[in-house]
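J.: The structure file my_file01.tsv (TSV, C-alpha atoms) is provided below.
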chain	number	residue	atom	x	y	z
U	1	MET	CA	11.03	-5.37	-1.14
U	2	PRO	CA	14.35	-3.57	-0.48
U	3	LEU	CA	16.61	-5.76	1.66
U	4	LEU	CA	18.74	-3.61	3.96
U	5	HIS	CA	20.70	-6.22	5.95
U	6	CYS	CA	20.67	-10.00	6.30
U	7	ILE	CA	22.84	-12.45	8.22
U	8	VAL	CA	22.67	-16.13	9.18
U	9	HIS	CA	24.02	-17.91	12.24
U	10	CYS	CA	23.73	-21.56	13.26
U	11	ILE	CA	22.73	-23.13	16.58
U	12	ASP	CA	22.72	-26.77	17.60
U	13	LYS	CA	21.27	-28.11	20.86
U	14	LYS	CA	21.27	-31.88	21.41
U	15	PRO	CA	18.43	-33.59	23.34
U	16	ASP	CA	20.57	-33.93	26.48
U	17	ASP	CA	22.04	-31.70	29.17
U	18	SER	CA	24.98	-30.51	27.07
U	19	PRO	CA	25.04	-26.79	26.21
U	20	SER	CA	24.09	-25.62	22.76
U	21	VAL	CA	26.73	-24.73	20.19
U	22	LEU	CA	26.44	-21.39	18.38
U	23	GLN	CA	28.30	-20.63	15.18
U	24	THR	CA	28.15	-16.98	14.13
U	25	ARG	CA	28.92	-15.21	10.87
U	26	SER	CA	31.21	-12.18	11.05
U	27	GLN	CA	29.54	-9.99	8.42
U	28	PRO	CA	26.17	-9.61	6.67
U	29	LEU	CA	25.39	-11.60	3.55
U	30	ALA	CA	25.95	-9.99	0.18
U	31	HIS	CA	22.78	-8.77	-1.49
U	32	THR	CA	22.11	-11.29	-4.25
U	33	THR	CA	19.09	-12.33	-6.28
U	34	ALA	CA	19.16	-15.71	-4.52
U	35	LEU	CA	19.01	-14.01	-1.12
U	36	GLU	CA	16.12	-11.80	-2.20
U	37	HIS	CA	14.25	-14.86	-3.46
U	38	LEU	CA	14.94	-16.65	-0.18
U	39	LEU	CA	13.52	-13.76	1.85
U	40	ALA	CA	10.45	-13.63	-0.40
U	41	ASP	CA	9.91	-17.38	0.11
U	42	ILE	CA	10.35	-16.99	3.88
U	43	ASN	CA	7.74	-14.23	3.90
U	44	ASP	CA	5.34	-16.37	1.86
U	45	SER	CA	5.84	-19.31	4.22
U	46	TYR	CA	5.43	-17.07	7.27
U	47	ASN	CA	2.23	-15.50	5.94
U	48	SER	CA	0.76	-18.93	5.17
U	49	LYS	CA	1.04	-20.12	8.77
U	50	PRO	CA	-2.51	-20.07	10.20
U	51	SER	CA	-1.70	-19.69	13.88
U	52	LYS	CA	0.19	-16.65	15.16
U	53	VAL	CA	0.54	-14.67	18.38
U	54	TRP	CA	0.36	-10.86	18.15
U	55	GLY	CA	1.81	-8.65	20.81
U	56	LEU	CA	4.24	-6.02	22.04
U	57	PHE	CA	7.52	-5.84	23.92
U	58	GLN	CA	7.74	-6.32	27.66
U	59	GLU	CA	8.74	-3.16	29.55
U	60	ASP	CA	11.51	-4.85	31.57
U	61	HIS	CA	14.52	-4.53	29.24
U	62	THR	CA	16.84	-6.02	31.85
U	63	GLN	CA	15.15	-9.41	31.74
U	64	TYR	CA	14.11	-9.00	28.10
U	65	PRO	CA	17.00	-7.13	26.39
U	66	LEU	CA	16.07	-7.47	22.69
U	67	PRO	CA	14.01	-4.23	22.46
U	68	GLY	CA	16.88	-2.30	24.06
U	69	TRP	CA	19.31	-3.62	21.47
U	70	LEU	CA	16.84	-2.81	18.71
U	71	THR	CA	16.54	0.74	20.05
U	72	ASP	CA	20.33	1.14	19.84
U	73	TYR	CA	20.41	-0.38	16.36
U	74	MET	CA	17.68	1.90	15.02
U	75	ALA	CA	19.53	4.87	16.57
U	76	GLN	CA	22.69	3.67	14.76
U	77	LYS	CA	24.49	3.05	18.04
U	78	MET	CA	25.30	-0.51	16.92
U	79	ASP	CA	25.45	-2.18	13.54
U	80	PHE	CA	23.32	-5.04	12.25
U	81	THR	CA	25.99	-7.69	12.78
U	82	GLN	CA	26.41	-6.70	16.43
U	83	LEU	CA	22.63	-6.74	16.92
U	84	SER	CA	22.37	-10.24	15.44
U	85	HIS	CA	25.28	-11.55	17.55
U	86	LEU	CA	23.74	-10.24	20.77
U	87	ALA	CA	20.34	-11.68	19.83
U	88	ALA	CA	21.80	-15.06	18.83
U	89	GLU	CA	23.77	-15.29	22.10
U	90	HIS	CA	20.60	-14.39	24.00
U	91	LEU	CA	18.68	-17.13	22.16
U	92	LYS	CA	21.47	-19.59	23.02
U	93	LYS	CA	21.22	-18.60	26.69
U	94	GLN	CA	17.44	-19.03	26.61
U	95	ILE	CA	17.78	-22.48	25.01
U	96	ASP	CA	20.37	-23.65	27.55
U	97	GLU	CA	18.53	-22.32	30.62
U	98	SER	CA	15.24	-23.89	29.49
U	99	ASN	CA	16.96	-27.06	28.18
U	100	ILE	CA	15.17	-26.74	24.85
U	101	THR	CA	16.15	-29.04	22.00
U	102	LEU	CA	16.52	-26.76	19.01
U	103	SER	CA	18.84	-26.79	16.02
U	104	GLY	CA	18.89	-24.84	12.78
U	105	HIS	CA	20.13	-21.77	10.98
U	106	ILE	CA	18.96	-18.45	12.47
U	107	LEU	CA	18.25	-15.83	9.83
U	108	PHE	CA	18.04	-12.14	10.72
U	109	ALA	CA	16.72	-9.82	8.00
U	110	HIS	CA	15.98	-6.10	8.07
U	111	TYR	CA	13.95	-5.09	5.05
U	112	GLN	CA	11.50	-2.48	3.90
U	113	GLN	CA	8.05	-2.69	2.30
U	114	GLY	CA	6.88	0.70	1.12
U	115	MET	CA	7.67	3.07	3.99
U	116	THR	CA	7.55	0.32	6.63
U	117	HIS	CA	10.64	-1.32	8.14
U	118	TYR	CA	10.51	-4.92	9.36
U	119	LEU	CA	12.82	-7.29	11.17
U	120	THR	CA	12.36	-11.01	10.56
U	121	ILE	CA	14.05	-13.63	12.73
U	122	ALA	CA	13.51	-17.20	11.57
U	123	VAL	CA	14.93	-20.58	12.59
U	124	LEU	CA	15.37	-22.50	9.32
U	125	GLN	CA	15.39	-26.29	8.99
U	126	HIS	CA	16.81	-28.57	6.30
U	127	SER	CA	15.62	-31.69	4.53
U	128	GLU	CA	17.38	-34.28	2.40
U	129	GLY	CA	16.45	-34.26	-1.27
U	130	MET	CA	17.51	-35.81	-4.57
U	131	VAL	CA	19.03	-33.82	-7.42
U	132	ILE	CA	20.30	-34.60	-10.91
U	133	ASP	CA	23.41	-32.70	-11.98
U	134	HIS	CA	24.58	-31.56	-15.43
U	135	ASP	CA	26.16	-34.97	-16.02
U	136	LEU	CA	22.78	-36.60	-15.29
U	137	GLU	CA	24.11	-38.13	-12.11
U	138	VAL	CA	21.73	-38.59	-9.18
U	139	TYR	CA	22.84	-37.69	-5.69
U	140	THR	CA	21.43	-36.47	-2.37
U	141	ALA	CA	21.63	-32.87	-1.23
U	142	ARG	CA	20.44	-30.92	1.77
U	143	HIS	CA	18.13	-27.99	1.14
U	144	LEU	CA	16.17	-25.46	3.17
U	145	ASP	CA	12.69	-26.74	3.97
U	146	LEU	CA	10.61	-23.60	4.50
U	147	GLY	CA	7.48	-25.70	4.92
U	148	GLN	CA	8.98	-26.80	8.24
U	149	MET	CA	9.54	-23.22	9.44
U	150	HIS	CA	7.70	-23.30	12.76
U	151	LEU	CA	9.75	-20.78	14.74
U	152	ALA	CA	9.86	-17.25	13.36
U	153	THR	CA	8.88	-13.68	14.16
U	154	ARG	CA	8.20	-10.50	12.26
U	155	ILE	CA	8.60	-7.16	14.05
U	156	ASN	CA	7.09	-4.05	12.50
U	157	LEU	CA	9.88	-1.67	13.46
U	158	SER	CA	8.09	1.40	12.09
U	159	GLU	CA	4.91	0.78	14.06
U	160	TRP	CA	6.90	0.00	17.19
U	161	GLN	CA	8.74	3.31	16.95
U	162	ASN	CA	5.89	5.51	15.77
U	163	ASN	CA	2.78	4.16	17.52
U	164	SER	CA	3.16	3.92	21.27
U	165	GLN	CA	-0.44	2.66	21.62
U	166	SER	CA	0.01	-0.34	19.33
U	167	LYS	CA	-0.29	-3.81	20.85
U	168	GLN	CA	0.34	-5.81	17.70
U	169	TYR	CA	3.66	-4.78	16.16
U	170	ILE	CA	5.17	-8.20	16.93
U	171	SER	CA	3.87	-11.44	15.50
U	172	PHE	CA	5.35	-14.91	15.80
U	173	ILE	CA	4.33	-18.35	14.67
U	174	LYS	CA	2.57	-20.50	17.22
U	175	GLY	CA	3.87	-23.61	15.50
U	176	LYS	CA	4.36	-27.29	16.12
U	177	ASN	CA	7.42	-27.16	18.38
U	178	GLY	CA	5.48	-27.58	21.60
U	179	LYS	CA	4.62	-25.18	24.42
U	180	LYS	CA	8.09	-25.25	25.98
U	181	VAL	CA	9.81	-24.14	22.78
U	182	ILE	CA	7.14	-21.52	21.98
U	183	ASP	CA	7.35	-20.06	25.50
U	184	GLY	CA	11.15	-20.00	25.25
U	185	PHE	CA	11.00	-18.16	21.92
U	186	ARG	CA	8.48	-15.67	23.36
U	187	ASP	CA	10.84	-14.99	26.29
U	188	PHE	CA	13.75	-14.57	23.87
U	189	LEU	CA	11.74	-11.89	22.06
U	190	GLY	CA	10.49	-10.33	25.29
U	191	CYS	CA	6.99	-10.38	23.83
U	192	GLN	CA	3.71	-10.22	25.69
U	193	GLU	CA	0.44	-11.03	23.97
U	194	GLY	CA	-1.42	-7.85	23.09
U	195	VAL	CA	-4.17	-8.90	20.70
U	196	ASP	CA	-6.23	-12.08	20.60
U	197	GLY	CA	-6.24	-12.72	16.85
U	198	PRO	CA	-8.85	-15.51	16.84
U	199	GLY	CA	-11.05	-13.62	19.31
U	200	GLU	CA	-10.84	-10.37	17.32
U	201	THR	CA	-11.64	-12.26	14.13
U	202	ARG	CA	-14.68	-13.91	15.72
U	203	THR	CA	-15.89	-10.48	16.87
U	204	LEU	CA	-15.41	-9.12	13.36
U	205	LEU	CA	-17.43	-11.98	11.88
U	206	LYS	CA	-20.15	-11.47	14.50
U	207	ALA	CA	-20.32	-7.78	13.55
U	208	PHE	CA	-20.57	-8.77	9.90
U	209	SER	CA	-23.41	-11.21	10.58
U	210	ASP	CA	-25.27	-8.53	12.53
U	211	PHE	CA	-24.69	-6.09	9.68
U	212	VAL	CA	-26.07	-8.48	7.05
U	213	GLU	CA	-29.08	-9.16	9.26
U	214	SER	CA	-29.73	-5.47	9.88
U	215	GLU	CA	-29.56	-4.70	6.17
U	216	ASP	CA	-32.12	-7.46	5.45
U	217	LEU	CA	-30.25	-8.38	2.28
U	218	PRO	CA	-31.48	-10.95	-0.24
U	219	GLU	CA	-29.64	-14.24	0.05
U	220	GLU	CA	-27.60	-13.71	-3.12
U	221	GLN	CA	-26.34	-10.31	-1.91
U	222	ALA	CA	-25.58	-11.68	1.56
U	223	ARG	CA	-23.55	-14.50	0.02
U	224	GLU	CA	-21.74	-12.03	-2.22
U	225	LYS	CA	-20.79	-9.83	0.73
U	226	THR	CA	-19.55	-12.90	2.62
U	227	ASP	CA	-17.33	-13.73	-0.36
U	228	HIS	CA	-16.01	-10.15	-0.41
U	229	LEU	CA	-15.22	-10.28	3.30
U	230	LEU	CA	-13.35	-13.58	3.10
U	231	SER	CA	-11.52	-12.53	-0.07
U	232	TYR	CA	-10.33	-9.25	1.47
U	233	ALA	CA	-9.36	-10.76	4.85
U	234	ASN	CA	-7.55	-13.75	3.32
U	235	THR	CA	-5.70	-11.50	0.88
U	236	GLN	CA	-4.49	-9.36	3.78
U	237	ALA	CA	-3.44	-12.49	5.70
U	238	ARG	CA	-1.53	-13.84	2.68
U	239	LYS	CA	0.36	-10.55	2.45
U	240	GLY	CA	1.08	-10.61	6.17
U	241	GLU	CA	-0.95	-7.46	6.73
U	242	VAL	CA	-3.73	-6.62	9.17
U	243	VAL	CA	-7.38	-6.19	8.26
U	244	SER	CA	-8.42	-2.55	8.15
U	245	ILE	CA	-12.06	-2.08	9.16
U	246	GLU	CA	-12.28	0.91	6.82
U	247	GLY	CA	-10.67	-1.03	3.96
U	248	LEU	CA	-12.99	-3.98	4.53
U	249	SER	CA	-16.01	-1.68	4.52
U	250	GLN	CA	-14.95	-0.33	1.13
U	251	ALA	CA	-14.45	-3.87	-0.19
U	252	LEU	CA	-17.94	-4.88	0.94
U	253	ASP	CA	-19.78	-2.04	-0.83
U	254	GLU	CA	-18.11	0.31	-3.30
U	255	ASP	CA	-21.30	2.36	-3.62
U	256	ASN	CA	-21.64	2.85	0.14
U	257	PRO	CA	-18.07	2.31	1.43
U	258	LYS	CA	-18.76	3.60	4.96
U	259	ALA	CA	-21.78	1.40	5.70
U	260	PHE	CA	-20.04	-1.47	7.49
U	261	TYR	CA	-17.51	0.87	9.11
U	262	ASP	CA	-20.34	3.00	10.57
U	263	HIS	CA	-22.20	-0.14	11.72
U	264	ILE	CA	-19.18	-1.27	13.75
U	265	ARG	CA	-18.59	2.16	15.25
U	266	ASN	CA	-22.27	2.72	16.13
U	267	LYS	CA	-22.64	-0.70	17.78
U	268	ASP	CA	-19.32	-0.44	19.66
U	269	TYR	CA	-17.97	-3.97	19.22
U	270	GLY	CA	-14.69	-2.90	20.79
U	271	LEU	CA	-12.69	-3.60	17.62
U	272	ALA	CA	-9.53	-1.65	16.87
U	273	PRO	CA	-9.31	0.12	13.48
U	274	GLU	CA	-6.94	-2.66	12.38
U	275	ILE	CA	-6.93	-6.28	13.53
U	276	PRO	CA	-4.79	-9.32	12.70
U	277	ALA	CA	-7.09	-11.78	10.96
U	278	ASP	CA	-6.85	-15.41	12.07
U	279	LYS	CA	-6.86	-17.68	9.02
U	280	ARG	CA	-8.32	-20.72	10.79
U	281	THR	CA	-11.26	-18.70	12.07
U	282	LEU	CA	-11.81	-17.22	8.61
U	283	ASN	CA	-11.66	-20.63	6.94
U	284	ALA	CA	-14.37	-21.94	9.27
U	285	PHE	CA	-16.73	-19.11	8.35
U	286	HIS	CA	-19.30	-19.75	5.64
U	287	ARG	CA	-23.04	-19.79	5.16
U	288	PHE	CA	-25.38	-22.79	5.31
U	289	THR	CA	-28.04	-22.31	2.67
U	290	GLY	CA	-31.09	-24.29	1.56
U	291	ARG	CA	-34.13	-23.56	-0.56
U	292	GLY	CA	-37.12	-25.62	-1.64
U	293	GLU	CA	-40.91	-25.97	-1.55
U	294	GLY	CA	-41.42	-22.33	-0.61
U	295	LEU	CA	-38.84	-22.45	2.20
U	296	SER	CA	-35.53	-20.54	2.15
U	297	ILE	CA	-33.05	-20.86	5.03
U	298	SER	CA	-29.61	-19.29	5.34
U	299	PHE	CA	-27.34	-18.68	8.33
U	300	GLU	CA	-23.66	-18.28	9.15
U	301	SER	CA	-21.88	-21.47	10.18
U	302	HIS	CA	-20.72	-20.10	13.54
U	303	LEU	CA	-24.37	-19.87	14.67
U	304	LEU	CA	-24.71	-23.66	14.51
U	305	GLY	CA	-24.77	-24.93	18.06
U	306	SER	CA	-25.80	-21.59	19.56
U	307	LYS	CA	-28.69	-19.82	17.85
U	308	VAL	CA	-29.30	-22.75	15.48
U	309	GLU	CA	-29.49	-26.40	16.52
U	310	TYR	CA	-29.72	-29.30	14.07
U	311	ASP	CA	-31.66	-32.38	15.20
U	312	ALA	CA	-30.79	-35.00	12.58
U	313	ALA	CA	-32.99	-37.70	14.16
U	314	ARG	CA	-36.12	-35.56	13.76
U	315	ASP	CA	-34.99	-33.79	10.57
U	316	MET	CA	-35.44	-30.46	12.32
U	317	LEU	CA	-33.73	-27.09	12.80
U	318	ILE	CA	-34.33	-25.27	16.07
U	319	ILE	CA	-33.79	-21.51	15.70
U	320	ARG	CA	-33.44	-19.27	18.73
U	321	GLN	CA	-33.56	-15.47	18.90
U	322	LEU	CA	-35.43	-14.93	15.67
U	323	PRO	CA	-34.66	-11.76	13.67
U	324	THR	CA	-36.90	-8.90	14.78
U	325	GLN	CA	-38.32	-8.34	11.32
U	326	LEU	CA	-39.31	-12.00	11.01
U	327	LYS	CA	-40.92	-12.00	14.45
U	328	ASP	CA	-42.92	-8.88	13.56
U	329	GLN	CA	-44.23	-10.52	10.40
U	330	LEU	CA	-45.19	-13.69	12.25
U	331	GLN	CA	-46.91	-11.72	15.00
U	332	ARG	CA	-48.92	-9.69	12.48
U	333	LYS	CA	-49.97	-12.90	10.75
U	334	LYS	CA	-51.01	-14.42	14.07
U	335	ASP	CA	-53.05	-11.34	14.98
Transcribe the structure of this file into structure tokens.

T.:
Amino acid sequence: MPLLHCIVHCIDKKPDDSPSVLQTRSQPLAHTTALEHLLADINDSYNSKPSKVWGLFQEDHTQYPLPGWLTDYMAQKMDFTQLSHLAAEHLKKQIDESNITLSGHILFAHYQQGMTHYLTIAVLQHSEGMVIDHDLEVYTARHLDLGQMHLATRINLSEWQNNSQSKQYISFIKGKNGKKVIDGFRDFLGCQEGVDGPGETRTLLKAFSDFVESEDLPEEQAREKTDHLLSYANTQARKGEVVSIEGLSQALDEDNPKAFYDHIRNKDYGLAPEIPADKRTLNAFHRFTGRGEGLSISFESHLLGSKVEYDAARDMLIIRQLPTQLKDQLQRKKD
């Protein structure tokens, strides 16, 4: 992961009406192994966060100036330090105007993965810890606590510049800071929501369930394909990458790699070729399965409460909208 530029500033806003205090660094950080490891850890922490907003820049660059500054930076009309100073001052203004309590170090990093350029902006927090030095003395020390990183964004600069139709080149953590802080950070970025990650993921899982049903797969194969889907989608999420419908289709069936892709296109679920997978929605998706005394039942968990109802008092499952093939068999038996 080539690191192009990185700089850190510090902001402190007390929980009162006093203005925030911004301390800025005058030049980028030197490229060291420690800095590269820090950025890798920040990326890992960012990717692990289950709840994110995906979107694009607002068009009004007067009220939301960050994309205008980024345009000048990418055109080499300003350097990285100037970009970070303008952005940090803008964040300070946003904090003061909204009276948001927020303190921490603000890291700006421009890096490259493959051919893709990214900008990460993260507010980093500290925790107190205990260390033992070379003389075996115990003392307290402050350290970065990336587990508490709840305010950060990643901007895909390459997609922003090269794909005018994209609505998901910005992502930011929808963390635990509260709605006021999250809204303030969104306004600082000048970001509008473009893609409903959880909704898109639910649609993808619905398409998958329909696909498994249409293929009339044996239970073992259906479970195997479910595992492949979750493995592929979670791997993409861990890497901070979107789910490619074409890539997922290949992961589901190497012998027929276009089957799921064609199913989605033919049924017109309205899914984009690439979607940001929502980890919470993925984690809630699995199959309920039971077999015994000549009876075999299996269904996706998201159907419980809609197509499938469990009546514990009467030890009964109520199934609505039976699969067509099953209804045909039952009708033929009845006739």

J.: Which distance in Å separates atom CA of Glu246 of chain U and atom CA of Leu217 of chain U, to one decimal?

T.: 20.7 Å

J.: What lies within 7 Å of Gln192 of chain U using all atoms listed in the file, ignoring chain neighbours under 2 positions off, as a PyMOL selection string?

T.: chain U and resi 55-58+190+194

J.: Considering all atoms listed in the file, can you say which of U:Trp160, U:Asn47, U:Tyr269, U:Ile121 comes closest to Asn234 of chain U?

T.: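 Of the candidates, the smallest distance to Asn234 of chain U is held by U:Asn47.
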
J.: Excluding Leu107 of chain U and any residue of its chain fewer than 2 positions from it, enumerate the residues within 9 Å of it, using only C-alpha atoms, and give them as number ranges by chain.

T.: U: 6-10, 84, 105, 109, 120-124

J.: Can you list every residue of segment 136-180 of chain U that has an atom at most 12 Å from segment 67-81 of chain U, with its nearest atom pair and the distance in Å to one decimal, using all atoms listed in the file, ordered by chain then number, as JSON lines?

T.:
{"residue": "U:Ile155", "atom": "CA", "partner": "U:Leu70", "partner_atom": "CA", "distance": 10.4}
{"residue": "U:Asn156", "atom": "CA", "partner": "U:Leu70", "partner_atom": "CA", "distance": 11.6}
{"residue": "U:Leu157", "atom": "CA", "partner": "U:Met74", "partner_atom": "CA", "distance": 8.7}
{"residue": "U:Ser158", "atom": "CA", "partner": "U:Met74", "partner_atom": "CA", "distance": 10.0}
{"residue": "U:Trp160", "atom": "CA", "partner": "U:Pro67", "partner_atom": "CA", "distance": 9.8}
{"residue": "U:Gln161", "atom": "CA", "partner": "U:Thr71", "partner_atom": "CA", "distance": 8.8}
{"residue": "U:Ile170", "atom": "CA", "partner": "U:Pro67", "partner_atom": "CA", "distance": 11.2}

J.: Could you jot down the atom CA of Thr289 of chain U to atom CA of Gly247 of chain U separation for me, Å, one decimal place?

T.: 27.5 Å

J.: What gap, in Å, lies between atom CA of Pro2 of chain U and atom CA of Ala87 of chain U?

T.: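 Interatomic distance, atom CA of Pro2 of chain U to atom CA of Ala87 of chain U: 22.7 Å.
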
J.: Which residues are close to Val181 of chain U, i.e. within 12 Å by only C-alpha atoms, leaving aside same-chain residues fewer than 2 positions away? Reply as a PyMOL selection string.

T.: chain U and resi 91+94-103+123+150-152+173-179+183-188

J.: Check the smallest atom-to-atom distance from each of U:Val212, U:Ala284, U:Val195, U:Leu204 to Lys52 of chain U using all atoms listed in the file, then report the winner.

T.: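 Among U:Val212, U:Ala284, U:Val195, U:Leu204, it is U:Val195 that comes nearest to Lys52 of chain U.
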